>>> print(open('entry_33.cif').read())   # mmCIF, C-alpha atoms
data_structure
#
loop_
_atom_site.label_atom_id
_atom_site.label_comp_id
_atom_site.auth_asym_id
_atom_site.auth_seq_id
_atom_site.Cartn_x
_atom_site.Cartn_y
_atom_site.Cartn_z
CA MET A 1 -37.50 0.76 8.49
CA ARG A 2 -37.26 4.54 8.27
CA LEU A 3 -36.59 6.08 4.88
CA ARG A 4 -33.97 8.81 4.67
CA ILE A 5 -34.06 11.40 1.89
CA ASP A 6 -31.24 13.92 1.34
CA ILE A 7 -31.91 16.75 -1.11
CA VAL A 8 -28.97 18.73 -2.47
CA THR A 9 -29.94 22.11 -3.91
CA LEU A 10 -28.77 25.64 -4.58
CA PHE A 11 -32.00 26.93 -3.04
CA PRO A 12 -32.70 25.17 0.27
CA GLU A 13 -34.98 28.04 1.32
CA ALA A 14 -37.32 27.13 -1.55
CA ILE A 15 -37.67 23.52 -0.38
CA ARG A 16 -37.58 23.62 3.42
CA PRO A 17 -41.02 25.19 4.09
CA TYR A 18 -42.84 22.58 2.02
CA VAL A 19 -40.87 19.68 3.47
CA ASP A 20 -41.78 20.82 6.99
CA ALA A 21 -45.51 21.19 6.22
CA ALA A 22 -48.56 18.99 5.63
CA LEU A 23 -47.97 15.32 4.84
CA LEU A 24 -44.18 15.48 4.72
CA GLY A 25 -44.02 17.34 8.03
CA ARG A 26 -46.37 14.86 9.71
CA ALA A 27 -44.46 11.86 8.36
CA GLN A 28 -41.24 13.25 9.81
CA LYS A 29 -42.84 13.88 13.19
CA LYS A 30 -44.09 10.28 13.20
CA GLY A 31 -40.53 9.08 12.55
CA LEU A 32 -41.47 7.47 9.23
CA VAL A 33 -39.01 9.47 7.17
CA PHE A 34 -36.02 11.72 7.76
CA ILE A 35 -35.54 14.51 5.21
CA LYS A 36 -32.36 16.59 5.17
CA ILE A 37 -31.82 19.62 2.91
CA HIS A 38 -28.23 20.46 1.89
CA ASN A 39 -26.98 23.67 0.32
CA LEU A 40 -24.80 22.73 -2.65
CA ARG A 41 -22.53 25.71 -2.03
CA SER A 42 -21.49 24.13 1.27
CA PHE A 43 -19.59 21.54 -0.77
CA SER A 44 -17.62 24.06 -2.83
CA GLN A 45 -14.06 24.53 -1.63
CA ASP A 46 -13.07 27.84 -3.17
CA ARG A 47 -13.44 31.21 -1.47
CA TYR A 48 -16.33 32.22 -3.76
CA ARG A 49 -18.28 28.97 -3.16
CA THR A 50 -18.38 28.38 -6.91
CA VAL A 51 -20.66 25.60 -8.13
CA ASP A 52 -20.98 26.29 -11.86
CA ASP A 53 -18.83 27.05 -14.90
CA TYR A 54 -19.03 27.56 -18.67
CA PRO A 55 -19.64 24.43 -20.78
CA PHE A 56 -16.77 22.93 -22.74
CA GLY A 57 -17.44 23.20 -26.46
CA GLY A 58 -19.25 26.49 -26.08
CA GLY A 59 -22.92 27.22 -25.88
CA PRO A 60 -25.23 29.35 -23.72
CA GLY A 61 -25.67 29.16 -19.98
CA MET A 62 -23.72 27.50 -17.21
CA VAL A 63 -23.25 23.91 -16.06
CA LEU A 64 -23.08 22.66 -12.47
CA LYS A 65 -19.53 21.55 -11.70
CA PRO A 66 -18.83 17.91 -10.79
CA GLU A 67 -16.71 18.50 -7.67
CA PRO A 68 -19.38 19.92 -5.31
CA LEU A 69 -22.03 17.42 -6.37
CA VAL A 70 -19.82 14.35 -6.08
CA ARG A 71 -18.40 15.68 -2.81
CA ALA A 72 -21.95 16.08 -1.47
CA VAL A 73 -22.90 12.49 -2.34
CA ARG A 74 -19.70 11.10 -0.82
CA PHE A 75 -20.11 13.17 2.35
CA ILE A 76 -23.71 12.01 2.82
CA SER A 77 -22.74 8.38 2.16
CA GLU A 78 -19.86 8.47 4.62
CA TYR A 79 -21.86 10.32 7.28
CA THR A 80 -24.80 7.91 7.08
CA GLN A 81 -22.66 4.82 6.49
CA SER A 82 -24.95 3.78 3.65
CA ILE A 83 -25.02 3.37 -0.11
CA PRO A 84 -27.93 5.58 -1.19
CA LEU A 85 -29.78 5.51 -4.46
CA VAL A 86 -28.79 8.78 -6.12
CA ILE A 87 -31.39 10.60 -8.23
CA VAL A 88 -30.71 13.50 -10.58
CA THR A 89 -33.74 15.59 -11.56
CA SER A 90 -33.50 16.15 -15.30
CA PRO A 91 -35.89 16.68 -18.24
CA GLN A 92 -33.75 14.10 -20.04
CA GLY A 93 -34.44 11.37 -17.48
CA GLU A 94 -36.91 8.50 -17.42
CA LEU A 95 -40.48 9.61 -16.80
CA PHE A 96 -41.55 9.51 -13.17
CA THR A 97 -44.62 7.33 -12.63
CA GLN A 98 -46.64 5.94 -9.77
CA HIS A 99 -45.00 2.57 -10.36
CA MET A 100 -41.59 4.20 -9.96
CA ALA A 101 -42.77 5.89 -6.75
CA TRP A 102 -43.64 2.43 -5.36
CA GLU A 103 -40.15 1.22 -6.31
CA LEU A 104 -38.43 4.15 -4.63
CA ALA A 105 -40.58 3.74 -1.50
CA GLN A 106 -38.87 0.36 -0.97
CA GLU A 107 -35.44 2.00 -0.71
CA LYS A 108 -33.77 2.85 2.60
CA HIS A 109 -31.94 5.98 1.49
CA LEU A 110 -32.42 8.40 -1.42
CA VAL A 111 -30.17 11.31 -2.38
CA ILE A 112 -31.78 13.76 -4.81
CA LEU A 113 -29.51 16.16 -6.69
CA CYS A 114 -31.42 19.16 -8.02
CA GLY A 115 -30.32 20.21 -11.48
CA ARG A 116 -30.01 23.89 -12.41
CA TYR A 117 -28.92 26.09 -15.34
CA GLN A 118 -28.05 24.00 -18.43
CA GLY A 119 -27.73 20.86 -16.33
CA ILE A 120 -24.97 19.08 -14.48
CA ASP A 121 -21.60 17.73 -15.57
CA GLU A 122 -22.26 14.28 -17.06
CA ARG A 123 -19.47 12.76 -14.96
CA VAL A 124 -21.57 13.23 -11.83
CA ILE A 125 -24.10 10.73 -13.18
CA THR A 126 -21.34 8.24 -14.02
CA LEU A 127 -19.44 8.56 -10.74
CA THR A 128 -22.49 8.35 -8.48
CA ASN A 129 -24.36 5.79 -10.61
CA ALA A 130 -27.28 8.21 -10.51
CA ARG A 131 -30.74 7.57 -11.88
CA GLU A 132 -31.98 10.47 -14.01
CA ILE A 133 -35.69 11.15 -13.48
CA SER A 134 -38.01 13.60 -15.21
CA ILE A 135 -41.48 14.57 -13.95
CA GLY A 136 -42.69 15.50 -17.43
CA ASP A 137 -41.88 16.59 -20.94
CA TYR A 138 -41.26 20.25 -20.18
CA VAL A 139 -38.42 22.36 -18.81
CA LEU A 140 -38.19 24.15 -15.46
CA SER A 141 -35.47 26.50 -14.26
CA GLY A 142 -34.30 23.99 -11.66
CA GLY A 143 -34.88 20.63 -10.06
CA GLU A 144 -36.36 21.80 -6.78
CA LEU A 145 -40.01 21.29 -7.74
CA PRO A 146 -39.30 17.85 -9.27
CA ALA A 147 -37.44 16.89 -6.07
CA LEU A 148 -40.50 17.81 -4.01
CA VAL A 149 -42.82 15.94 -6.39
CA ILE A 150 -40.71 12.78 -6.12
CA THR A 151 -40.36 13.12 -2.35
CA GLU A 152 -44.07 13.53 -1.66
CA ALA A 153 -45.12 10.80 -4.10
CA VAL A 154 -42.74 8.38 -2.37
CA VAL A 155 -43.40 9.36 1.25
CA ARG A 156 -47.19 9.11 0.96
CA LEU A 157 -46.73 5.41 0.09
CA ILE A 158 -44.98 4.66 3.38
CA PRO A 159 -47.37 2.79 5.71
CA GLY A 160 -48.69 5.24 8.30
CA ALA A 161 -47.91 8.40 6.32
CA LEU A 162 -51.53 8.87 5.24
CA GLY A 163 -54.29 9.29 7.76
CA ASP A 164 -56.44 6.81 5.83
CA GLU A 165 -54.52 4.06 4.06
CA GLU A 166 -57.69 3.07 2.20
CA SER A 167 -57.41 6.29 0.20
CA LEU A 168 -54.44 4.83 -1.68
CA ARG A 169 -56.88 2.51 -3.46
CA TYR A 170 -58.55 5.50 -5.07
CA ASP A 171 -55.37 7.21 -6.19
CA SER A 172 -55.00 7.79 -9.89
CA PHE A 173 -52.49 5.38 -11.48
CA SER A 174 -52.82 2.84 -8.66
CA GLU A 175 -55.41 0.13 -9.24
CA TYR A 176 -56.80 2.01 -12.25
CA PRO A 177 -55.37 4.82 -14.43
CA PHE A 178 -57.61 7.47 -12.85
CA GLY A 179 -59.39 7.72 -9.53
CA PRO A 180 -63.20 7.93 -9.43
CA PRO A 181 -65.10 11.26 -9.32
CA GLN A 182 -65.57 12.49 -5.74
CA TYR A 183 -68.39 14.47 -4.11
CA THR A 184 -69.05 16.01 -0.69
CA ARG A 185 -71.64 18.31 0.92
CA PRO A 186 -73.83 20.05 -0.12
CA ARG A 187 -75.91 17.43 -1.98
CA VAL A 188 -76.97 20.06 -4.52
CA PHE A 189 -74.69 22.89 -5.63
CA CYS A 190 -75.51 25.40 -8.40
CA GLY A 191 -78.22 23.04 -9.61
CA LEU A 192 -75.89 20.03 -9.79
CA ALA A 193 -76.79 17.09 -7.54
CA VAL A 194 -74.61 14.33 -6.16
CA PRO A 195 -75.30 11.08 -8.07
CA GLU A 196 -78.03 9.16 -6.25
CA ILE A 197 -76.05 5.93 -6.20
CA LEU A 198 -73.52 7.49 -3.81
CA LEU A 199 -76.35 8.09 -1.34
CA SER A 200 -77.77 4.57 -1.65
CA GLY A 201 -75.64 2.87 0.99
CA ASP A 202 -75.17 -0.07 -1.39
CA HIS A 203 -71.39 -0.45 -1.20
CA ALA A 204 -71.13 -3.08 -3.94
CA ARG A 205 -73.04 -0.89 -6.42
CA ILE A 206 -71.06 2.18 -5.36
CA GLU A 207 -67.77 0.37 -5.91
CA LYS A 208 -68.91 -0.79 -9.36
CA TRP A 209 -70.05 2.73 -10.28
CA ARG A 210 -66.74 4.24 -9.16
CA ARG A 211 -64.78 1.71 -11.17
CA GLU A 212 -66.86 2.34 -14.28
CA LYS A 213 -66.56 6.12 -14.00
CA ALA A 214 -62.79 5.93 -13.46
CA LEU A 215 -62.36 3.80 -16.56
CA GLU A 216 -64.75 5.97 -18.55
CA LYS A 217 -62.64 9.04 -17.84
CA ALA A 218 -59.42 7.19 -18.61
CA ARG A 219 -60.81 6.14 -22.01
CA ARG A 220 -61.79 9.73 -22.77
CA MET A 221 -58.84 11.67 -21.34
CA ARG A 222 -55.89 9.28 -21.58
CA PRO A 223 -56.56 6.39 -23.96
CA ASP A 224 -52.83 5.61 -23.94
CA LEU A 225 -52.91 4.95 -20.20
CA PHE A 226 -56.13 2.99 -20.45
CA LEU A 227 -54.87 0.63 -23.15
CA ASN A 228 -51.53 0.07 -21.43
CA SER A 229 -52.88 -0.48 -17.93
CA ARG A 230 -53.96 -3.55 -16.01
CA CYS A 231 -57.59 -2.49 -16.47
CA GLU A 232 -57.61 -4.10 -19.95
CA LYS A 233 -57.68 -7.58 -18.45
CA LYS A 234 -59.72 -6.62 -15.40
CA GLU A 235 -62.52 -5.17 -17.49
CA GLY A 236 -62.25 -7.58 -20.43
CA VAL A 237 -61.12 -4.87 -22.86
CA VAL A 238 -59.88 -6.14 -26.22
#
>>> encode(input="entry_33.cif", output="C-alpha cells")
Amino acid sequence: MRLRIDIVTLFPEAIRPYVDAALLGRAQKKGLVFIKIHNLRSFSQDRYRTVDDYPFGGGPGMVLKPEPLVRAVRFISEYTQSIPLVIVTSPQGELFTQHMAWELAQEKHLVILCGRYQGIDERVITLTNAREISIGDYVLSGGELPALVITEAVVRLIPGALGDEESLRYDSFSEYPFGPPQYTRPRVFCGLAVPEILLSGDHARIEKWRREKALEKARRMRPDLFLNSRCEKKEGVV
C-alpha cells in the first residue's frame, strides 16, 4: 500500500525543496509515498485569486476563506477517488505525538491544509471532518513547518523508508520516552571518552546500559513523559 499525502498551502515554494530532499525524496523515489503540493490560490475563483478576508465580529488580521479550502479538498478527493483523512495544522489542535504518527502512518491518504494568518474559517473543519493537529504550544506564522513535521514523522514509519529499520527502536518516544545517548569516532574528543561499555562487545550489557541511560534522562528532563509512559511497568517504577 502506498501512502498519498496532499499538502495545500499558500507557499508551495517553501515546502517543495524539503519534500524532494533527504528521507522524503528517497521514499518517493522508492514508490513508498506520493506527495503532492497544491497552491491554495489555484482553488480561488475570482480574478484576484483571493483566499482570505476580514473576520466577522471584528478583530485584527485576516482569515482564510472556506471556499478555496473546501474546493481543494473536494477536488483532491474526486481526482483520487478516495476519502482522505483531512488534517488542519493549528495551534488549537490536539498535540502531535509519536503515537499519533503511528496512527497516521496506517492511513492510505492524508490531506494537510496549512493554516495562515488568524486561522481558517471554522466551517472548513466541519465540512471536511478535519482533524486539527498542533506540533506544540507556540504560534508560527503559518502551517507549512507543522505540515512538514507531520509528513516526515509519518513517512519515516513506513516500512522501507529508513535505511535501517532497527533504528526505529532507538527513536525517542517509541519503546521508551527518550532514545539512548549515542557516540561515534573519535573514541576521545576534547578529553571526553566514549563509555567503555560501548566498546565491550557485550550486546546484552550494552542494551541494558542504553535502556538505563534513556530512562535516566527521561526522569531528569521530562518526568511527565516518564511517569505516563509504558516504562513504568517495564522498569517496575511505582
>>> residues_around(input="entry_33.cif", residues="range 55-71 of chain A", least_positions_apart="6", cutoff="6 Å", atoms="all atoms listed in the file", output="list of chain:residue names")
A:Phe43, A:Ser44, A:Tyr117, A:Gln118, A:Gly119, A:Ile120, A:Asp121, A:Val124
>>> residues_around(input="entry_33.cif", residues="range 184-197 of chain A", least_positions_apart="4", cutoff="9 Å", atoms="only C-alpha atoms", output="NGL selection string")
:A and (201-202 or 205-206 or 209)
>>> closest_residue(input="entry_33.cif", among="A:Gln81, A:Thr9, A:Gln28, A:Gln45", to="Gly115 in chain A", atoms="all atoms listed in the file")
A:Thr9
>>> resolve_selection(input="entry_33.cif", expression="the PyMOL selection byres ((chain A and resi 14) around 12)", output="PyMOL selection string")
chain A and resi 7-13+15-20+37-39+114+142-145+147-148
>>> residues_near_point(input="entry_33.cif", point="(-47.7, 8.2, 1.7)", cutoff="12 Å", atoms="only C-alpha atoms", output="PDB file with C-alpha atoms, in the frame of the given file")
ATOM      1  CA  LEU A   3     -36.590   6.080   4.880  1.00  0.00           C
ATOM      2  CA  ALA A  22     -48.560  18.990   5.630  1.00  0.00           C
ATOM      3  CA  LEU A  23     -47.970  15.320   4.840  1.00  0.00           C
ATOM      4  CA  LEU A  24     -44.180  15.480   4.720  1.00  0.00           C
ATOM      5  CA  GLY A  25     -44.020  17.340   8.030  1.00  0.00           C
ATOM      6  CA  ARG A  26     -46.370  14.860   9.710  1.00  0.00           C
ATOM      7  CA  ALA A  27     -44.460  11.860   8.360  1.00  0.00           C
ATOM      8  CA  GLN A  28     -41.240  13.250   9.810  1.00  0.00           C
ATOM      9  CA  LEU A  32     -41.470   7.470   9.230  1.00  0.00           C
ATOM     10  CA  VAL A  33     -39.010   9.470   7.170  1.00  0.00           C
ATOM     11  CA  GLN A  98     -46.640   5.940  -9.770  1.00  0.00           C
ATOM     12  CA  ALA A 101     -42.770   5.890  -6.750  1.00  0.00           C
ATOM     13  CA  TRP A 102     -43.640   2.430  -5.360  1.00  0.00           C
ATOM     14  CA  LEU A 104     -38.430   4.150  -4.630  1.00  0.00           C
ATOM     15  CA  ALA A 105     -40.580   3.740  -1.500  1.00  0.00           C
ATOM     16  CA  ILE A 150     -40.710  12.780  -6.120  1.00  0.00           C
ATOM     17  CA  THR A 151     -40.360  13.120  -2.350  1.00  0.00           C
ATOM     18  CA  GLU A 152     -44.070  13.530  -1.660  1.00  0.00           C
ATOM     19  CA  ALA A 153     -45.120  10.800  -4.100  1.00  0.00           C
ATOM     20  CA  VAL A 154     -42.740   8.380  -2.370  1.00  0.00           C
ATOM     21  CA  VAL A 155     -43.400   9.360   1.250  1.00  0.00           C
ATOM     22  CA  ARG A 156     -47.190   9.110   0.960  1.00  0.00           C
ATOM     23  CA  LEU A 157     -46.730   5.410   0.090  1.00  0.00           C
ATOM     24  CA  ILE A 158     -44.980   4.660   3.380  1.00  0.00           C
ATOM     25  CA  PRO A 159     -47.370   2.790   5.710  1.00  0.00           C
ATOM     26  CA  GLY A 160     -48.690   5.240   8.300  1.00  0.00           C
ATOM     27  CA  ALA A 161     -47.910   8.400   6.320  1.00  0.00           C
ATOM     28  CA  LEU A 162     -51.530   8.870   5.240  1.00  0.00           C
ATOM     29  CA  GLY A 163     -54.290   9.290   7.760  1.00  0.00           C
ATOM     30  CA  ASP A 164     -56.440   6.810   5.830  1.00  0.00           C
ATOM     31  CA  GLU A 165     -54.520   4.060   4.060  1.00  0.00           C
ATOM     32  CA  GLU A 166     -57.690   3.070   2.200  1.00  0.00           C
ATOM     33  CA  SER A 167     -57.410   6.290   0.200  1.00  0.00           C
ATOM     34  CA  LEU A 168     -54.440   4.830  -1.680  1.00  0.00           C
ATOM     35  CA  ARG A 169     -56.880   2.510  -3.460  1.00  0.00           C
ATOM     36  CA  ASP A 171     -55.370   7.210  -6.190  1.00  0.00           C
TER      37      ASP A 171
END
>>> atom_distance(input="entry_33.cif", atom1="CA of Arg220 in chain A", atom2="CA of Pro181 in chain A")
13.9 Å
>>> closest_residue(input="entry_33.cif", among="A:Phe178, A:Asp224, A:Pro146, A:Arg41", to="Arg210 in chain A", atoms="all atoms listed in the file")
A:Phe178
>>> closest_residue(input="entry_33.cif", among="A:Ala21, A:Leu140, A:Val111, A:Val86", to="Leu127 in chain A", atoms="all atoms listed in the file")
A:Val86
>>> closest_residue(input="entry_33.cif", among="A:Ser141, A:Thr126, A:Ser134, A:Ser77", to="Thr89 in chain A", atoms="all atoms listed in the file")
A:Ser134
>>> build_atoms(input="entry_33.cif", residues="range 36-72 of chain A", atoms="N, CA and C atoms", output="CSV table (one decimal), keeping the file's coordinate frame")
chain,number,residue,atom,x,y,z
A,36,LYS,N,-33.4,15.6,4.9
A,36,LYS,CA,-32.4,16.6,5.2
A,36,LYS,C,-32.1,17.4,3.9
A,37,ILE,N,-32.1,18.7,4.0
A,37,ILE,CA,-31.8,19.6,2.9
A,37,ILE,C,-30.4,20.1,3.0
A,38,HIS,N,-29.6,20.0,1.9
A,38,HIS,CA,-28.2,20.5,1.9
A,38,HIS,C,-28.1,21.6,0.9
A,39,ASN,N,-27.3,22.6,1.3
A,39,ASN,CA,-27.0,23.7,0.3
A,39,ASN,C,-25.8,23.2,-0.5
A,40,LEU,N,-25.9,23.2,-1.8
A,40,LEU,CA,-24.8,22.7,-2.6
A,40,LEU,C,-23.5,23.6,-2.5
A,41,ARG,N,-23.7,24.8,-2.2
A,41,ARG,CA,-22.5,25.7,-2.0
A,41,ARG,C,-21.7,25.3,-0.8
A,42,SER,N,-22.3,24.6,0.1
A,42,SER,CA,-21.5,24.1,1.3
A,42,SER,C,-20.4,23.1,0.9
A,43,PHE,N,-20.5,22.6,-0.3
A,43,PHE,CA,-19.6,21.5,-0.8
A,43,PHE,C,-18.6,22.1,-1.8
A,44,SER,N,-18.6,23.4,-2.0
A,44,SER,CA,-17.6,24.1,-2.8
A,44,SER,C,-16.4,24.5,-1.9
A,45,GLN,N,-15.2,24.3,-2.5
A,45,GLN,CA,-14.1,24.5,-1.6
A,45,GLN,C,-13.3,25.8,-2.0
A,46,ASP,N,-13.8,26.6,-2.9
A,46,ASP,CA,-13.1,27.8,-3.2
A,46,ASP,C,-13.7,29.0,-2.4
A,47,ARG,N,-13.0,30.1,-2.3
A,47,ARG,CA,-13.4,31.2,-1.5
A,47,ARG,C,-14.8,31.8,-1.9
A,48,TYR,N,-15.1,31.6,-3.2
A,48,TYR,CA,-16.3,32.2,-3.8
A,48,TYR,C,-17.5,31.2,-3.7
A,49,ARG,N,-17.3,30.0,-3.2
A,49,ARG,CA,-18.3,29.0,-3.2
A,49,ARG,C,-18.9,28.7,-4.5
A,50,THR,N,-18.0,28.6,-5.5
A,50,THR,CA,-18.4,28.4,-6.9
A,50,THR,C,-18.9,27.0,-7.1
A,51,VAL,N,-20.1,26.9,-7.8
A,51,VAL,CA,-20.7,25.6,-8.1
A,51,VAL,C,-20.9,25.4,-9.6
A,52,ASP,N,-20.7,26.4,-10.4
A,52,ASP,CA,-21.0,26.3,-11.9
A,52,ASP,C,-19.9,26.9,-12.7
A,53,ASP,N,-19.9,26.5,-14.0
A,53,ASP,CA,-18.8,27.0,-14.9
A,53,ASP,C,-19.4,27.0,-16.3
A,54,TYR,N,-18.6,27.6,-17.3
A,54,TYR,CA,-19.0,27.6,-18.7
A,54,TYR,C,-18.9,26.2,-19.3
A,55,PRO,N,-19.7,25.8,-20.2
A,55,PRO,CA,-19.6,24.4,-20.8
A,55,PRO,C,-18.5,24.3,-21.8
A,56,PHE,N,-17.8,23.2,-21.7
A,56,PHE,CA,-16.8,22.9,-22.7
A,56,PHE,C,-17.5,22.8,-24.1
A,57,GLY,N,-16.8,23.3,-25.1
A,57,GLY,CA,-17.4,23.2,-26.5
A,57,GLY,C,-18.3,24.4,-26.8
A,58,GLY,N,-18.5,25.3,-25.8
A,58,GLY,CA,-19.2,26.5,-26.1
A,58,GLY,C,-20.7,26.3,-25.9
A,59,GLY,N,-21.5,27.3,-26.1
A,59,GLY,CA,-22.9,27.2,-25.9
A,59,GLY,C,-23.4,28.2,-24.8
A,60,PRO,N,-24.7,28.4,-24.7
A,60,PRO,CA,-25.2,29.4,-23.7
A,60,PRO,C,-25.3,28.7,-22.3
A,61,GLY,N,-25.4,29.6,-21.3
A,61,GLY,CA,-25.7,29.2,-20.0
A,61,GLY,C,-24.5,28.6,-19.3
A,62,MET,N,-24.7,28.1,-18.1
A,62,MET,CA,-23.7,27.5,-17.2
A,62,MET,C,-24.1,26.1,-16.9
A,63,VAL,N,-23.1,25.3,-16.4
A,63,VAL,CA,-23.2,23.9,-16.1
A,63,VAL,C,-22.8,23.7,-14.6
A,64,LEU,N,-23.5,22.9,-13.8
A,64,LEU,CA,-23.1,22.7,-12.5
A,64,LEU,C,-21.8,21.8,-12.5
A,65,LYS,N,-20.8,22.2,-11.7
A,65,LYS,CA,-19.5,21.6,-11.7
A,65,LYS,C,-19.6,20.2,-11.0
A,66,PRO,N,-18.8,19.2,-11.4
A,66,PRO,CA,-18.8,17.9,-10.8
A,66,PRO,C,-18.3,17.8,-9.3
A,67,GLU,N,-17.3,18.6,-9.0
A,67,GLU,CA,-16.7,18.5,-7.7
A,67,GLU,C,-17.7,18.7,-6.5
A,68,PRO,N,-18.5,19.8,-6.5
A,68,PRO,CA,-19.4,19.9,-5.3
A,68,PRO,C,-20.4,18.8,-5.2
A,69,LEU,N,-21.0,18.4,-6.4
A,69,LEU,CA,-22.0,17.4,-6.4
A,69,LEU,C,-21.5,16.1,-5.9
A,70,VAL,N,-20.4,15.6,-6.5
A,70,VAL,CA,-19.8,14.4,-6.1
A,70,VAL,C,-19.4,14.4,-4.6
A,71,ARG,N,-18.8,15.5,-4.2
A,71,ARG,CA,-18.4,15.7,-2.8
A,71,ARG,C,-19.6,15.6,-1.9
A,72,ALA,N,-20.7,16.1,-2.3
A,72,ALA,CA,-22.0,16.1,-1.5
A,72,ALA,C,-22.4,14.6,-1.3
